[in-house]
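Participant: Below is one structure. I have some questions about it.
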Amino acid sequence: MPQSPSLSAAAGPKRPAELVRALFRRNETVLLACLVLLIVFFSFASGTFLTTRNITNVLGQASLAMIAGIGIGVVVLAGEIDVSIGSLVGAVGLPLVVVMNQTGSLELGIASALLLALGVGIVNGYLAAYLGINSLIVTLGTMFVIRGGIYLYTGQKAISDDLQLETFYQMGNGRLLGTVPYPALVALVLLVAFVYLMRHRPFGRQIYAVGGNPEVARLAGYNVKRLKFAAFVICSLLAGISGILLSSRLGSAVHVAGLGFEFQVVAAVVLGGVSLAGGVGSLLGVALGVLILAFLSNGLGMLNIATEWQLVITGLIIIAAVAFDELKRRRQ
């Protein structure tokens with residue numbers, strides 16, 4: 001039987017070892033420790049790793065995966081999966097750039113990009129949540145449809161920003177006070193907002209309940225279909241924001257943009273401790289998982305480790321993370 005705060009206080013202060021064990025029960029603490037150790041190791045291994053320019057560059061690159069990872073995290077916590085986000089990240093650049101070129105309005109371009117993302121989220125959510133089709137099959141199908149549509153529309157050529165709008169360029173490439181990339185700030189704001197939503201608002205608690213046991217959640221009065229539908233819409237909208245920032249960084253809509261992006265994000269979600277079975281994990285863990293993979297890739301590159309070996313190392317880390325999660329669930 002757990003002790004009340006007063007009884008715990010009366011028992012006296014905990015020993016240092018007990019405090020450490022208490023802290024490291026939280027998955028986020030372990031991930032944070034791994035991230036710090038990773039940064040320390042590469043700082044000693046490479047003299048150019050721990051510089052302001054390199055750290056901010058990594059944060060800028062990781063922010064796109066973090067934004068999309070928040071959306072994937074919500075979907076996976078709800079007990080589903082979405083592998084269409086890579087294609088969607090590449091697709092939203094098309095209406096963004098085309099509408100912007102034709103109207104001269106960045107706002108209309110952004111609105112059209114988000115409208116496309118919303119449409120994809122509605123389709124995925126309706127087919128998976130309301131029709132009950134396996135979400136992996138649904139989003140695998142939309143992934144191919146979207147990617148094929150990109151190739152057909154562009155003829156496998158990039159569509160450039162003819163207006164060369166400075167505002168458009170600054171969205172993905174600008175820096176606050178010349179240091180912090182704007183995409184990193186967007187990612188931070190979204191992370192704080194969604195961590196609060198998932199931890200402290202009824203929607204978040206209901207998503208965890210649905211992912212943990214949808215039948216129990218239904219009996220508790222939760223609208224399981226509506227919650228899963230909302231998770232898919234959120235995921236697609238966040239992928240749309242990530243795609244807008246990517247198009248800004250590239251200065252164009254590129255037909256291969258976002259290719260394989262979904263696997264990078266899902267890997268970060270798994271590494272961050274979100275169980276693919278649903279209902280377990282946190283968005284803060286997802287963010288740390290994204291940062292670990294980003295700094296790992298950056299550090300290995302600075303040590304001139306071949307790309308093939310980088311993929312092998314990353315894959316082994318992900319397998320270890322999934323195995324650890326499975327063993328922990330079995331013990332519980």
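By order of appearance in the structure tokens: chains A, B, ..., then residues from 1 within every chain, and ligands from 1 in the order shown.
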Hey, which bits of region 43-159 of chain A sit within 12 Å of region 234-240 of chain A, and for each residue what's the closest pair of atoms and how far apart in Å (one decimal), counting only C-alpha atoms, rows by chain and increasing number, as a Markdown table?

Facilitator:
| residue | atom | partner | partner_atom | distance |
| --- | --- | --- | --- | --- |
| A:Ser63 | CA | A:Ala239 | CA | 11.6 |
| A:Leu64 | CA | A:Ala239 | CA | 8.5 |
| A:Ala65 | CA | A:Ala239 | CA | 8.8 |
| A:Met66 | CA | A:Leu238 | CA | 9.6 |
| A:Ile67 | CA | A:Leu238 | CA | 6.1 |
| A:Ala68 | CA | A:Ala239 | CA | 4.8 |
| A:Gly69 | CA | A:Cys235 | CA | 8.4 |
| A:Ile70 | CA | A:Cys235 | CA | 7.5 |
| A:Gly71 | CA | A:Cys235 | CA | 3.7 |
| A:Ile72 | CA | A:Cys235 | CA | 5.7 |
| A:Gly73 | CA | A:Cys235 | CA | 8.3 |
| A:Val74 | CA | A:Cys235 | CA | 7.2 |
| A:Val75 | CA | A:Cys235 | CA | 6.8 |
| A:Val76 | CA | A:Cys235 | CA | 10.0 |
| A:Leu77 | CA | A:Cys235 | CA | 11.7 |
| A:Ala78 | CA | A:Cys235 | CA | 11.4 |
| A:Glu80 | CA | A:Cys235 | CA | 11.2 |
| A:Ile81 | CA | A:Cys235 | CA | 9.9 |
| A:Asp82 | CA | A:Cys235 | CA | 8.0 |
| A:Val83 | CA | A:Cys235 | CA | 10.4 |
| A:Ser84 | CA | A:Ser236 | CA | 8.6 |
| A:Ile85 | CA | A:Ala239 | CA | 5.9 |
| A:Gly86 | CA | A:Ala239 | CA | 7.9 |
| A:Ser87 | CA | A:Ala239 | CA | 9.5 |
| A:Leu88 | CA | A:Ala239 | CA | 6.7 |
| A:Val89 | CA | A:Ala239 | CA | 5.7 |
| A:Gly90 | CA | A:Gly240 | CA | 8.8 |
| A:Ala91 | CA | A:Gly240 | CA | 8.6 |
| A:Val92 | CA | A:Gly240 | CA | 6.1 |
| A:Gly93 | CA | A:Gly240 | CA | 8.7 |
| A:Leu94 | CA | A:Gly240 | CA | 11.4 |
| A:Pro95 | CA | A:Gly240 | CA | 11.2 |
| A:Leu96 | CA | A:Gly240 | CA | 10.3 |
| A:Ile110 | CA | A:Gly240 | CA | 9.3 |
| A:Ala111 | CA | A:Gly240 | CA | 10.3 |
| A:Ser112 | CA | A:Gly240 | CA | 10.3 |
| A:Ala113 | CA | A:Gly240 | CA | 6.8 |
| A:Leu114 | CA | A:Gly240 | CA | 5.8 |
| A:Leu115 | CA | A:Leu237 | CA | 8.6 |
| A:Leu116 | CA | A:Gly240 | CA | 8.0 |
| A:Ala117 | CA | A:Gly240 | CA | 5.3 |
| A:Leu118 | CA | A:Leu237 | CA | 5.8 |
| A:Gly119 | CA | A:Ser236 | CA | 8.5 |
| A:Val120 | CA | A:Ser236 | CA | 6.6 |
| A:Gly121 | CA | A:Ser236 | CA | 4.9 |
| A:Ile122 | CA | A:Ser236 | CA | 8.6 |
| A:Val123 | CA | A:Ser236 | CA | 10.2 |
| A:Asn124 | CA | A:Ser236 | CA | 8.9 |
| A:Gly125 | CA | A:Ser236 | CA | 9.7 |
| A:Thr139 | CA | A:Ser236 | CA | 10.9 |
| A:Thr142 | CA | A:Ser236 | CA | 11.7 |
| A:Met143 | CA | A:Ser236 | CA | 11.9 |

Participant: Only C-alpha atoms, please: the residues just picked out, written as a PDB file, in the first residue's frame.

Facilitator:
ATOM      1  CA  SER A  63      13.098  20.353 -35.134  1.00  0.00           C
ATOM      2  CA  LEU A  64      11.298  19.113 -38.269  1.00  0.00           C
ATOM      3  CA  ALA A  65      11.394  15.515 -37.029  1.00  0.00           C
ATOM      4  CA  MET A  66      10.350  16.694 -33.562  1.00  0.00           C
ATOM      5  CA  ILE A  67       7.267  18.504 -34.869  1.00  0.00           C
ATOM      6  CA  ALA A  68       6.167  15.474 -36.875  1.00  0.00           C
ATOM      7  CA  GLY A  69       7.194  13.180 -34.004  1.00  0.00           C
ATOM      8  CA  ILE A  70       4.742  14.885 -31.665  1.00  0.00           C
ATOM      9  CA  GLY A  71       1.936  13.972 -34.060  1.00  0.00           C
ATOM     10  CA  ILE A  72       3.120  10.397 -34.492  1.00  0.00           C
ATOM     11  CA  GLY A  73       3.468  10.145 -30.718  1.00  0.00           C
ATOM     12  CA  VAL A  74      -0.186  11.096 -30.235  1.00  0.00           C
ATOM     13  CA  VAL A  75      -1.302   8.523 -32.832  1.00  0.00           C
ATOM     14  CA  VAL A  76       0.842   5.725 -31.366  1.00  0.00           C
ATOM     15  CA  LEU A  77      -0.312   6.530 -27.829  1.00  0.00           C
ATOM     16  CA  ALA A  78      -3.850   6.079 -29.161  1.00  0.00           C
ATOM     17  CA  GLU A  80      -2.536   3.359 -34.023  1.00  0.00           C
ATOM     18  CA  ILE A  81       0.251   4.167 -36.518  1.00  0.00           C
ATOM     19  CA  ASP A  82       0.703   6.611 -39.412  1.00  0.00           C
ATOM     20  CA  VAL A  83       3.431   5.962 -41.991  1.00  0.00           C
ATOM     21  CA  SER A  84       2.115   8.482 -44.528  1.00  0.00           C
ATOM     22  CA  ILE A  85       3.721  11.524 -42.911  1.00  0.00           C
ATOM     23  CA  GLY A  86       6.900  11.376 -45.010  1.00  0.00           C
ATOM     24  CA  SER A  87       4.942  11.678 -48.234  1.00  0.00           C
ATOM     25  CA  LEU A  88       2.717  14.344 -46.690  1.00  0.00           C
ATOM     26  CA  VAL A  89       5.750  16.383 -45.591  1.00  0.00           C
ATOM     27  CA  GLY A  90       6.875  16.405 -49.223  1.00  0.00           C
ATOM     28  CA  ALA A  91       3.386  17.013 -50.626  1.00  0.00           C
ATOM     29  CA  VAL A  92       2.419  20.154 -48.678  1.00  0.00           C
ATOM     30  CA  GLY A  93       5.228  22.057 -50.384  1.00  0.00           C
ATOM     31  CA  LEU A  94       3.389  21.815 -53.707  1.00  0.00           C
ATOM     32  CA  PRO A  95       0.255  23.859 -52.890  1.00  0.00           C
ATOM     33  CA  LEU A  96       2.393  26.130 -50.731  1.00  0.00           C
ATOM     34  CA  ILE A 110       0.372  28.237 -46.045  1.00  0.00           C
ATOM     35  CA  ALA A 111      -3.417  27.921 -45.793  1.00  0.00           C
ATOM     36  CA  SER A 112      -3.556  25.675 -48.865  1.00  0.00           C
ATOM     37  CA  ALA A 113      -0.728  23.512 -47.492  1.00  0.00           C
ATOM     38  CA  LEU A 114      -2.492  23.070 -44.144  1.00  0.00           C
ATOM     39  CA  LEU A 115      -5.767  22.353 -45.974  1.00  0.00           C
ATOM     40  CA  LEU A 116      -4.074  19.482 -47.812  1.00  0.00           C
ATOM     41  CA  ALA A 117      -2.657  18.162 -44.524  1.00  0.00           C
ATOM     42  CA  LEU A 118      -6.092  18.412 -42.915  1.00  0.00           C
ATOM     43  CA  GLY A 119      -7.654  16.498 -45.803  1.00  0.00           C
ATOM     44  CA  VAL A 120      -5.139  13.668 -45.494  1.00  0.00           C
ATOM     45  CA  GLY A 121      -5.693  13.498 -41.745  1.00  0.00           C
ATOM     46  CA  ILE A 122      -9.467  13.308 -42.228  1.00  0.00           C
ATOM     47  CA  VAL A 123      -9.137  10.489 -44.785  1.00  0.00           C
ATOM     48  CA  ASN A 124      -6.706   8.507 -42.613  1.00  0.00           C
ATOM     49  CA  GLY A 125      -8.773   9.073 -39.492  1.00  0.00           C
ATOM     50  CA  THR A 139      -1.547   5.008 -44.112  1.00  0.00           C
ATOM     51  CA  THR A 142      -2.074   6.992 -48.605  1.00  0.00           C
ATOM     52  CA  MET A 143       1.723   7.130 -48.471  1.00  0.00           C
TER      53      MET A 143
END

Participant: Tell me, as a ChimeraX atom specification, which residues lie within 9 Å of region 213-225 of chain A, counting only C-alpha atoms; anything in the same chain fewer than 3 positions away does not count.

Facilitator: /A:78-79,125-126,128-130,132,206-210,228-230,278-279

Participant: Give me the residues of region 204-251 of chain A that have any atom at most 8 Å from an atom of region 180-199 of chain A; for each, the nearest atom pair and the distance in Å, rounded to one decimal. Use only C-alpha atoms, sort by chain and number, and format it as JSON lines.

Facilitator:
{"residue": "A:Gly204", "atom": "CA", "partner": "A:Met198", "partner_atom": "CA", "distance": 3.6}
{"residue": "A:Arg205", "atom": "CA", "partner": "A:Met198", "partner_atom": "CA", "distance": 6.4}
{"residue": "A:Ile207", "atom": "CA", "partner": "A:Met198", "partner_atom": "CA", "distance": 7.9}
{"residue": "A:Leu245", "atom": "CA", "partner": "A:Pro183", "partner_atom": "CA", "distance": 6.9}

Participant: Taking the chain letters and numbering used in this document, name the residues of region 146-186 of chain A that DSSP puts in helix (DSSP H, G or I), as an MDAnalysis selection string.

Facilitator: chainID A and resid 146:154 166:173 182:186

Participant: Let's have the selection written as a PDB file, in the first residue's frame, with C-alpha atoms.

Facilitator:
ATOM      1  CA  ILE A 146       0.542  10.915 -52.114  1.00  0.00           C
ATOM      2  CA  ARG A 147       4.072  10.108 -53.273  1.00  0.00           C
ATOM      3  CA  GLY A 148       2.792   8.988 -56.667  1.00  0.00           C
ATOM      4  CA  GLY A 149       0.738  12.173 -56.944  1.00  0.00           C
ATOM      5  CA  ILE A 150       3.834  14.246 -56.215  1.00  0.00           C
ATOM      6  CA  TYR A 151       5.786  12.539 -58.989  1.00  0.00           C
ATOM      7  CA  LEU A 152       2.916  12.890 -61.467  1.00  0.00           C
ATOM      8  CA  TYR A 153       2.336  16.578 -60.745  1.00  0.00           C
ATOM      9  CA  THR A 154       5.973  17.658 -60.708  1.00  0.00           C
ATOM     10  CA  GLU A 166      12.208  36.936 -47.821  1.00  0.00           C
ATOM     11  CA  THR A 167       9.488  36.044 -45.328  1.00  0.00           C
ATOM     12  CA  PHE A 168       9.177  32.586 -46.819  1.00  0.00           C
ATOM     13  CA  TYR A 169      12.940  32.074 -46.666  1.00  0.00           C
ATOM     14  CA  GLN A 170      13.176  33.269 -43.052  1.00  0.00           C
ATOM     15  CA  MET A 171      10.546  30.792 -41.832  1.00  0.00           C
ATOM     16  CA  GLY A 172      12.887  27.862 -42.245  1.00  0.00           C
ATOM     17  CA  ASN A 173      16.279  29.532 -42.309  1.00  0.00           C
ATOM     18  CA  TYR A 182      13.063  29.590 -36.001  1.00  0.00           C
ATOM     19  CA  PRO A 183      11.999  25.956 -36.653  1.00  0.00           C
ATOM     20  CA  ALA A 184      13.510  25.018 -33.276  1.00  0.00           C
ATOM     21  CA  LEU A 185      11.363  27.679 -31.603  1.00  0.00           C
ATOM     22  CA  VAL A 186       8.249  26.385 -33.377  1.00  0.00           C
TER      23      VAL A 186
END

Participant: Do a neighbour search on Val40 (chain A) at 12 Å with only C-alpha atoms, toss out local chain neighbours closer than 4 positions, and write the hits as a PyMOL selection string.

Facilitator: chain A and resi 33-36+44-47+49-50+295-296+299

Participant: Pull C-alpha atoms from the residues just selected and write them as a PDB file, in the first residue's frame.

Facilitator:
ATOM      1  CA  ALA A  33      21.110  11.078 -19.205  1.00  0.00           C
ATOM      2  CA  CYS A  34      21.854   9.213 -22.451  1.00  0.00           C
ATOM      3  CA  LEU A  35      21.649  12.454 -24.414  1.00  0.00           C
ATOM      4  CA  VAL A  36      24.045  14.230 -22.046  1.00  0.00           C
ATOM      5  CA  PHE A  44      35.832  14.935 -26.441  1.00  0.00           C
ATOM      6  CA  ALA A  45      35.973  12.931 -29.672  1.00  0.00           C
ATOM      7  CA  SER A  46      35.612  15.957 -31.972  1.00  0.00           C
ATOM      8  CA  GLY A  47      36.843  19.469 -31.340  1.00  0.00           C
ATOM      9  CA  PHE A  49      31.159  19.185 -32.075  1.00  0.00           C
ATOM     10  CA  LEU A  50      30.427  21.351 -29.034  1.00  0.00           C
ATOM     11  CA  PHE A 295      23.168  14.250 -32.217  1.00  0.00           C
ATOM     12  CA  LEU A 296      24.210  10.639 -32.832  1.00  0.00           C
ATOM     13  CA  GLY A 299      28.598  13.120 -34.083  1.00  0.00           C
TER      14      GLY A 299
END

Participant: Counting only C-alpha atoms, which of A:Ala320, A:Leu291, A:Ile159, A:Ile55 gets nearest to Val265 (chain A)?

Facilitator: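 Nearest to Val265 (chain A): A:Leu291.
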
Participant: Here is a test: counting only C-alpha atoms, which residue of A:Arg175, A:Arg226, A:Lys157, A:His200 is nearest to Asn57 (chain A)?

Facilitator: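 For Asn57 (chain A), the nearest of the candidates is A:Arg175.
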
Participant: Find the residues around Ser275 (chain A) up to 9 Å (only C-alpha atoms counted), leave out those fewer than 5 positions away in its own chain, and share them as a ChimeraX atom specification.

Facilitator: /A:76-77,79,269-270,280-281,322,325-326

Participant: For the residues selected in the previous step, produce a file with N, CA, C and O atoms as a PDB file, in the first residue's frame.

Facilitator:
ATOM      1  N   VAL A  76       0.375   6.998 -31.936  1.00  0.00           N
ATOM      2  CA  VAL A  76       0.842   5.725 -31.366  1.00  0.00           C
ATOM      3  C   VAL A  76       0.309   5.551 -29.945  1.00  0.00           C
ATOM      4  O   VAL A  76      -0.062   4.451 -29.544  1.00  0.00           O
ATOM      5  N   LEU A  77       0.261   6.623 -29.173  1.00  0.00           N
ATOM      6  CA  LEU A  77      -0.312   6.530 -27.829  1.00  0.00           C
ATOM      7  C   LEU A  77      -1.781   6.120 -27.884  1.00  0.00           C
ATOM      8  O   LEU A  77      -2.296   5.489 -26.956  1.00  0.00           O
ATOM      9  N   GLY A  79      -2.841   3.976 -29.872  1.00  0.00           N
ATOM     10  CA  GLY A  79      -2.876   2.588 -30.313  1.00  0.00           C
ATOM     11  C   GLY A  79      -2.898   2.395 -31.807  1.00  0.00           C
ATOM     12  O   GLY A  79      -3.225   1.306 -32.292  1.00  0.00           O
ATOM     13  N   VAL A 269      10.305   7.938 -32.086  1.00  0.00           N
ATOM     14  CA  VAL A 269       9.182   7.700 -31.176  1.00  0.00           C
ATOM     15  C   VAL A 269       9.418   6.430 -30.365  1.00  0.00           C
ATOM     16  O   VAL A 269       9.219   6.402 -29.148  1.00  0.00           O
ATOM     17  N   VAL A 270       9.875   5.375 -31.045  1.00  0.00           N
ATOM     18  CA  VAL A 270      10.147   4.114 -30.353  1.00  0.00           C
ATOM     19  C   VAL A 270      11.305   4.278 -29.373  1.00  0.00           C
ATOM     20  O   VAL A 270      11.234   3.833 -28.228  1.00  0.00           O
ATOM     21  N   VAL A 280       1.339   3.879 -23.594  1.00  0.00           N
ATOM     22  CA  VAL A 280       2.507   3.997 -22.726  1.00  0.00           C
ATOM     23  C   VAL A 280       3.540   4.887 -23.397  1.00  0.00           C
ATOM     24  O   VAL A 280       3.856   4.706 -24.577  1.00  0.00           O
ATOM     25  N   GLY A 281       4.098   5.837 -22.637  1.00  0.00           N
ATOM     26  CA  GLY A 281       5.132   6.718 -23.167  1.00  0.00           C
ATOM     27  C   GLY A 281       4.755   8.172 -22.968  1.00  0.00           C
ATOM     28  O   GLY A 281       3.732   8.495 -22.369  1.00  0.00           O
ATOM     29  N   VAL A 322      13.433  -1.224 -28.415  1.00  0.00           N
ATOM     30  CA  VAL A 322      12.182  -1.985 -28.520  1.00  0.00           C
ATOM     31  C   VAL A 322      12.248  -3.230 -27.636  1.00  0.00           C
ATOM     32  O   VAL A 322      11.274  -3.570 -26.953  1.00  0.00           O
ATOM     33  N   ASP A 325      11.754  -2.253 -24.067  1.00  0.00           N
ATOM     34  CA  ASP A 325      10.351  -1.933 -23.803  1.00  0.00           C
ATOM     35  C   ASP A 325       9.526  -3.198 -23.659  1.00  0.00           C
ATOM     36  O   ASP A 325       8.664  -3.311 -22.764  1.00  0.00           O
ATOM     37  N   GLU A 326       9.777  -4.196 -24.514  1.00  0.00           N
ATOM     38  CA  GLU A 326       9.026  -5.445 -24.452  1.00  0.00           C
ATOM     39  C   GLU A 326       9.312  -6.196 -23.156  1.00  0.00           C
ATOM     40  O   GLU A 326       8.400  -6.728 -22.509  1.00  0.00           O
TER      41      GLU A 326
END

Participant: Env of Leu271 (chain A): 12 Å cut, atoms = only C-alpha atoms, seq-sep filter 6 positions within chain, self excluded. Answer as a PDB file with N, CA and C atoms, in the first residue's frame.

Facilitator:
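selection06.pdb written:
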ATOM      1  N   ASN A  27      11.271   7.288 -17.595  1.00  0.00           N
ATOM      2  CA  ASN A  27      11.937   7.050 -18.870  1.00  0.00           C
ATOM      3  C   ASN A  27      12.631   8.302 -19.393  1.00  0.00           C
ATOM      4  N   GLU A  28      12.006   9.463 -19.170  1.00  0.00           N
ATOM      5  CA  GLU A  28      12.592  10.706 -19.669  1.00  0.00           C
ATOM      6  C   GLU A  28      13.944  10.998 -19.027  1.00  0.00           C
ATOM      7  N   VAL A  30      16.158   8.803 -17.943  1.00  0.00           N
ATOM      8  CA  VAL A  30      17.147   7.920 -18.563  1.00  0.00           C
ATOM      9  C   VAL A  30      17.556   8.456 -19.929  1.00  0.00           C
ATOM     10  N   LEU A  31      16.579   8.874 -20.709  1.00  0.00           N
ATOM     11  CA  LEU A  31      16.868   9.406 -22.042  1.00  0.00           C
ATOM     12  C   LEU A  31      17.701  10.678 -21.961  1.00  0.00           C
ATOM     13  N   CYS A  34      21.214   9.744 -21.234  1.00  0.00           N
ATOM     14  CA  CYS A  34      21.854   9.213 -22.451  1.00  0.00           C
ATOM     15  C   CYS A  34      22.239  10.336 -23.399  1.00  0.00           C
ATOM     16  N   LEU A  35      21.360  11.323 -23.536  1.00  0.00           N
ATOM     17  CA  LEU A  35      21.649  12.454 -24.414  1.00  0.00           C
ATOM     18  C   LEU A  35      22.859  13.235 -23.925  1.00  0.00           C
ATOM     19  N   GLY A  69       7.158  14.225 -35.029  1.00  0.00           N
ATOM     20  CA  GLY A  69       7.194  13.180 -34.004  1.00  0.00           C
ATOM     21  C   GLY A  69       6.133  13.381 -32.935  1.00  0.00           C
ATOM     22  N   GLY A  73       3.574  10.565 -32.109  1.00  0.00           N
ATOM     23  CA  GLY A  73       3.468  10.145 -30.718  1.00  0.00           C
ATOM     24  C   GLY A  73       2.025  10.080 -30.253  1.00  0.00           C
ATOM     25  N   PHE A 263      10.152   6.837 -41.380  1.00  0.00           N
ATOM     26  CA  PHE A 263      10.898   5.837 -40.616  1.00  0.00           C
ATOM     27  C   PHE A 263      11.809   6.508 -39.583  1.00  0.00           C
ATOM     28  N   GLN A 264      12.368   7.648 -39.948  1.00  0.00           N
ATOM     29  CA  GLN A 264      13.193   8.399 -39.003  1.00  0.00           C
ATOM     30  C   GLN A 264      12.366   8.826 -37.796  1.00  0.00           C
ATOM     31  N   VAL A 265      11.156   9.295 -38.049  1.00  0.00           N
ATOM     32  CA  VAL A 265      10.308   9.785 -36.959  1.00  0.00           C
ATOM     33  C   VAL A 265       9.797   8.636 -36.098  1.00  0.00           C
ATOM     34  N   GLY A 281       4.098   5.837 -22.637  1.00  0.00           N
ATOM     35  CA  GLY A 281       5.132   6.718 -23.167  1.00  0.00           C
ATOM     36  C   GLY A 281       4.755   8.172 -22.968  1.00  0.00           C
ATOM     37  N   SER A 282       5.606   9.059 -23.469  1.00  0.00           N
ATOM     38  CA  SER A 282       5.354  10.485 -23.332  1.00  0.00           C
ATOM     39  C   SER A 282       5.930  11.236 -24.509  1.00  0.00           C
ATOM     40  N   LEU A 283       5.383  12.411 -24.772  1.00  0.00           N
ATOM     41  CA  LEU A 283       5.882  13.240 -25.874  1.00  0.00           C
ATOM     42  C   LEU A 283       7.243  13.845 -25.537  1.00  0.00           C
ATOM     43  N   LEU A 284       7.511  14.057 -24.259  1.00  0.00           N
ATOM     44  CA  LEU A 284       8.837  14.532 -23.875  1.00  0.00           C
ATOM     45  C   LEU A 284       9.879  13.466 -24.214  1.00  0.00           C
ATOM     46  N   GLY A 285       9.523  12.211 -24.000  1.00  0.00           N
ATOM     47  CA  GLY A 285      10.408  11.124 -24.390  1.00  0.00           C
ATOM     48  C   GLY A 285      10.639  11.104 -25.890  1.00  0.00           C
ATOM     49  N   VAL A 286       9.591  11.376 -26.663  1.00  0.00           N
ATOM     50  CA  VAL A 286       9.724  11.452 -28.119  1.00  0.00           C
ATOM     51  C   VAL A 286      10.725  12.527 -28.509  1.00  0.00           C
ATOM     52  N   ALA A 287      10.607  13.708 -27.890  1.00  0.00           N
ATOM     53  CA  ALA A 287      11.526  14.811 -28.190  1.00  0.00           C
ATOM     54  C   ALA A 287      12.967  14.428 -27.883  1.00  0.00           C
ATOM     55  N   LEU A 288      13.172  13.764 -26.764  1.00  0.00           N
ATOM     56  CA  LEU A 288      14.525  13.325 -26.405  1.00  0.00           C
ATOM     57  C   LEU A 288      15.025  12.259 -27.380  1.00  0.00           C
ATOM     58  N   GLY A 289      14.133  11.382 -27.817  1.00  0.00           N
ATOM     59  CA  GLY A 289      14.512  10.384 -28.809  1.00  0.00           C
ATOM     60  C   GLY A 289      14.953  11.021 -30.115  1.00  0.00           C
ATOM     61  N   VAL A 290      14.246  12.060 -30.539  1.00  0.00           N
ATOM     62  CA  VAL A 290      14.627  12.798 -31.751  1.00  0.00           C
ATOM     63  C   VAL A 290      16.013  13.420 -31.588  1.00  0.00           C
ATOM     64  N   LEU A 291      16.252  14.043 -30.440  1.00  0.00           N
ATOM     65  CA  LEU A 291      17.543  14.701 -30.200  1.00  0.00           C
ATOM     66  C   LEU A 291      18.682  13.688 -30.130  1.00  0.00           C
ATOM     67  N   ILE A 292      18.430  12.534 -29.512  1.00  0.00           N
ATOM     68  CA  ILE A 292      19.478  11.509 -29.422  1.00  0.00           C
ATOM     69  C   ILE A 292      19.884  11.050 -30.824  1.00  0.00           C
ATOM     70  N   LEU A 293      18.905  10.768 -31.674  1.00  0.00           N
ATOM     71  CA  LEU A 293      19.224  10.324 -33.033  1.00  0.00           C
ATOM     72  C   LEU A 293      19.901  11.422 -33.835  1.00  0.00           C
ATOM     73  N   THR A 314      22.426   3.008 -35.686  1.00  0.00           N
ATOM     74  CA  THR A 314      21.100   3.521 -35.346  1.00  0.00           C
ATOM     75  C   THR A 314      20.090   2.384 -35.252  1.00  0.00           C
ATOM     76  N   GLY A 315      20.152   1.450 -36.197  1.00  0.00           N
ATOM     77  CA  GLY A 315      19.237   0.317 -36.186  1.00  0.00           C
ATOM     78  C   GLY A 315      19.395  -0.540 -34.942  1.00  0.00           C
ATOM     79  N   LEU A 316      20.636  -0.787 -34.540  1.00  0.00           N
ATOM     80  CA  LEU A 316      20.883  -1.593 -33.343  1.00  0.00           C
ATOM     81  C   LEU A 316      20.344  -0.902 -32.088  1.00  0.00           C
ATOM     82  N   ILE A 317      20.507   0.411 -32.032  1.00  0.00           N
ATOM     83  CA  ILE A 317      19.990   1.161 -30.882  1.00  0.00           C
ATOM     84  C   ILE A 317      18.466   1.061 -30.808  1.00  0.00           C
ATOM     85  N   ILE A 318      17.805   1.160 -31.954  1.00  0.00           N
ATOM     86  CA  ILE A 318      16.347   1.088 -31.994  1.00  0.00           C
ATOM     87  C   ILE A 318      15.865  -0.303 -31.584  1.00  0.00           C
ATOM     88  N   ILE A 319      16.540  -1.352 -32.095  1.00  0.00           N
ATOM     89  CA  ILE A 319      16.174  -2.724 -31.726  1.00  0.00           C
ATOM     90  C   ILE A 319      16.335  -2.927 -30.219  1.00  0.00           C
ATOM     91  N   ALA A 320      17.431  -2.404 -29.669  1.00  0.00           N
ATOM     92  CA  ALA A 320      17.661  -2.523 -28.226  1.00  0.00           C
ATOM     93  C   ALA A 320      16.564  -1.811 -27.442  1.00  0.00           C
ATOM     94  N   ALA A 321      16.144  -0.630 -27.937  1.00  0.00           N
ATOM     95  CA  ALA A 321      15.097   0.130 -27.246  1.00  0.00           C
ATOM     96  C   ALA A 321      13.773  -0.627 -27.266  1.00  0.00           C
ATOM     97  N   VAL A 322      13.433  -1.224 -28.415  1.00  0.00           N
ATOM     98  CA  VAL A 322      12.182  -1.985 -28.520  1.00  0.00           C
ATOM     99  C   VAL A 322      12.248  -3.230 -27.636  1.00  0.00           C
ATOM    100  N   ALA A 323      13.387  -3.908 -27.643  1.00  0.00           N
ATOM    101  CA  ALA A 323      13.548  -5.105 -26.806  1.00  0.00           C
ATOM    102  C   ALA A 323      13.421  -4.762 -25.328  1.00  0.00           C
ATOM    103  N   PHE A 324      14.017  -3.646 -24.925  1.00  0.00           N
ATOM    104  CA  PHE A 324      13.926  -3.210 -23.527  1.00  0.00           C
ATOM    105  C   PHE A 324      12.485  -2.917 -23.151  1.00  0.00           C
ATOM    106  N   ASP A 325      11.754  -2.253 -24.067  1.00  0.00           N
ATOM    107  CA  ASP A 325      10.351  -1.933 -23.803  1.00  0.00           C
ATOM    108  C   ASP A 325       9.526  -3.198 -23.659  1.00  0.00           C
TER     109      ASP A 325
END

Participant: In Å, rounded to a single decimal, give me how far CA of Val138 (chain A) is from CA of Ser247 (chain A).

Facilitator: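 These two atoms are separated by 25.8 Å.
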
Participant: For Thr51 (chain A), please output as a list of chain:residue names all residues within 12 Å (counting only C-alpha atoms; exclusion window: fewer than 5 positions along the same chain).

Facilitator: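 Everything that qualifies: A:Ile39, A:Phe42, A:Ser43, A:Ser46, A:Thr56, A:Asn57, A:Val58, A:Thr179.
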
Participant: Go through A:Gly251, A:Gly174, A:Gly243, A:Gly260 and flag the residue nearest Ala158 (chain A), using only C-alpha atoms for the distances.

Facilitator: A:Gly251

Participant: Expressed in Å to a single decimal, how great is the separation between CA of Leu311 (chain A) and CA of Glu262 (chain A)?

Facilitator: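 Interatomic distance here is 15.2 Å.
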
Participant: Between CA of Val256 (chain A) and CA of Gly273 (chain A), measure the distance and give it in Å to one decimal.

Facilitator: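 Straight-line distance from CA of Val256 (chain A) to CA of Gly273 (chain A) works out to 29.5 Å.
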